[in-house]
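The next block holds one structure in the form of structure tokens; read it before the comments.
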Amino acid sequence: MFTLNADGMDLATDLVVHFPGQARENIVQALDFIGATMRAAIVEEPNKFFTDRTGLLRKSVQFEVDPGKLEMVLWPGQDYGKFVELGNGGKHAFLWPTLETHEALARSTIEAAIDLTIEQVLP
């Protein structure tokens, strides 16, 4: 299970404190977009590190956004997924490489949500 948390971004946290409704809604929507994008990448893109012969493990990947914590959690739905991800020193990892590949997208999406919130709440 991997977690992307917007609380670590000071500006996002400050906006949620001062403008709780709009800022939280924008950041939650951004996290939802990031989760859906990463899940789609895992399900649809072949992994150069791991061959999932049946496709079951990749298709089982799920994500959930927790609006209270401002975090998106991504995990494999199959019990053996954690062993594939973490076993052998991560040699066959499939979640982590996807997160690393999409890090810039995640950051820019959160930044866009922050910019949108600023535009909406400041005169």
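Each chain of the structure tokens is named A, B, ... in the order shown, its residues numbered from 1; ligands are numbered from 1 in display order.
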Contacts of segment 53-68 of chain A within 9 Å, only C-alpha atoms, excl. fewer than 5 positions in-chain, as an MDAnalysis selection string: chainID A and resid 24:25 27:29 31:32 35:36 38:39 42:44 73:78 80:81 94:95
query: Ala30 of chain A: which residues within 7 Å, counting only C-alpha atoms, same-chain residues fewer than 3 positions away excluded, as a PyMOL selection string?
result: chain A and resi 26-27+33-34+109-110+113
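By chain and then residue number, the residues within 10 Å of Glu111 of chain A are A:Met9, A:Leu11, A:Ala12, A:Ile27, A:Ala30, A:Leu105, A:Ala106, A:Arg107, A:Ser108, A:Thr109, A:Ala113, A:Ile114, A:Asp115, A:Leu116, A:Thr117, counting only C-alpha atoms and disregarding those fewer than 2 positions away in sequence.
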Separation of atom CA of Ala93 of chain A from atom CA of Lys69 of chain A in Å: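 Spanning atom CA of Lys69 of chain A to atom CA of Ala93 of chain A is a straight-line distance of 26.2 Å.
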message: Could you go through chain A and tell me which residues DSSP, when run on the backbone, assigns to strand (DSSP E), listing them as a list in words?
response: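 These are the residues in question: Phe2, Thr3, Leu4, Asn5, Gln62, Phe63, Glu64, Val65, Asp66, Glu71, Met72, Val73, Leu74 and Trp75 of chain A.
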Go ahead and dump the residues you just picked, N, CA and C atoms, as an mmCIF file, in the first residue's frame.
```cif
data_model
loop_
_atom_site.group_PDB
_atom_site.id
_atom_site.type_symbol
_atom_site.label_atom_id
_atom_site.label_comp_id
_atom_site.auth_asym_id
_atom_site.auth_seq_id
_atom_site.Cartn_x
_atom_site.Cartn_y
_atom_site.Cartn_z
ATOM 1 N N PHE A 2 0.608 2.157 -0.891
ATOM 2 C CA PHE A 2 1.371 3.392 -0.994
ATOM 3 C C PHE A 2 0.418 4.561 -0.830
ATOM 4 N N THR A 3 0.902 5.585 -0.150
ATOM 5 C CA THR A 3 0.064 6.726 0.166
ATOM 6 C C THR A 3 0.673 7.998 -0.396
ATOM 7 N N LEU A 4 -0.160 8.785 -1.067
ATOM 8 C CA LEU A 4 0.219 10.123 -1.516
ATOM 9 C C LEU A 4 -0.572 11.087 -0.649
ATOM 10 N N ASN A 5 0.128 11.929 0.078
ATOM 11 C CA ASN A 5 -0.514 12.772 1.058
ATOM 12 C C ASN A 5 -0.260 14.237 0.731
ATOM 13 N N GLN A 62 -6.320 -1.065 -6.568
ATOM 14 C CA GLN A 62 -7.400 -0.163 -6.156
ATOM 15 C C GLN A 62 -6.798 1.097 -5.547
ATOM 16 N N PHE A 63 -7.622 2.127 -5.484
ATOM 17 C CA PHE A 63 -7.181 3.340 -4.791
ATOM 18 C C PHE A 63 -8.383 3.930 -4.077
ATOM 19 N N GLU A 64 -8.068 4.717 -3.077
ATOM 20 C CA GLU A 64 -9.117 5.384 -2.303
ATOM 21 C C GLU A 64 -8.578 6.730 -1.843
ATOM 22 N N VAL A 65 -9.418 7.730 -1.878
ATOM 23 C CA VAL A 65 -9.060 9.057 -1.404
ATOM 24 C C VAL A 65 -9.758 9.285 -0.070
ATOM 25 N N ASP A 66 -8.987 9.698 0.921
ATOM 26 C CA ASP A 66 -9.537 10.037 2.230
ATOM 27 C C ASP A 66 -9.572 11.560 2.334
ATOM 28 N N GLU A 71 -5.406 12.386 1.565
ATOM 29 C CA GLU A 71 -4.459 11.420 1.046
ATOM 30 C C GLU A 71 -5.138 10.442 0.105
ATOM 31 N N MET A 72 -4.336 9.922 -0.816
ATOM 32 C CA MET A 72 -4.773 8.906 -1.757
ATOM 33 C C MET A 72 -3.941 7.666 -1.473
ATOM 34 N N VAL A 73 -4.605 6.533 -1.282
ATOM 35 C CA VAL A 73 -3.924 5.280 -0.988
ATOM 36 C C VAL A 73 -4.128 4.346 -2.172
ATOM 37 N N LEU A 74 -3.059 3.716 -2.612
ATOM 38 C CA LEU A 74 -3.065 2.804 -3.756
ATOM 39 C C LEU A 74 -2.537 1.459 -3.269
ATOM 40 N N TRP A 75 -3.251 0.365 -3.570
ATOM 41 C CA TRP A 75 -2.814 -0.942 -3.097
ATOM 42 C C TRP A 75 -3.234 -2.047 -4.061
#
```
task: Show which residues sit within 10 Å of Phe19 of chain A, as a list in words. Count only C-alpha atoms, and ignore same-chain residues fewer than 4 positions away.
output: Thr13, Asp14, Leu15, Ala23, Arg24, Thr117, Ile118 and Val121 of chain A
task: Just list the residues in segment 60-110 of chain A DSSP gives helix (DSSP H, G or I) on the backbone, as a list in words.
output: Gly81, Lys82, Phe83, Val84, Glu85, Leu86, Gly87, Asn88, Gly89, Gly90, Leu95, Trp96, Pro97, Thr98, Leu99, Glu100, Thr101, Glu103, Ala104, Leu105, Ala106, Arg107, Ser108, Thr109 and Ile110 of chain A
query: How many Å separate atom CA of Glu85 of chain A from atom CA of His102 of chain A?
result: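 Between these atoms lies a distance of 17.2 Å.
In this model, the gap between atom CA of Ala112 of chain A and atom CA of Glu100 of chain A comes to 19.3 Å.
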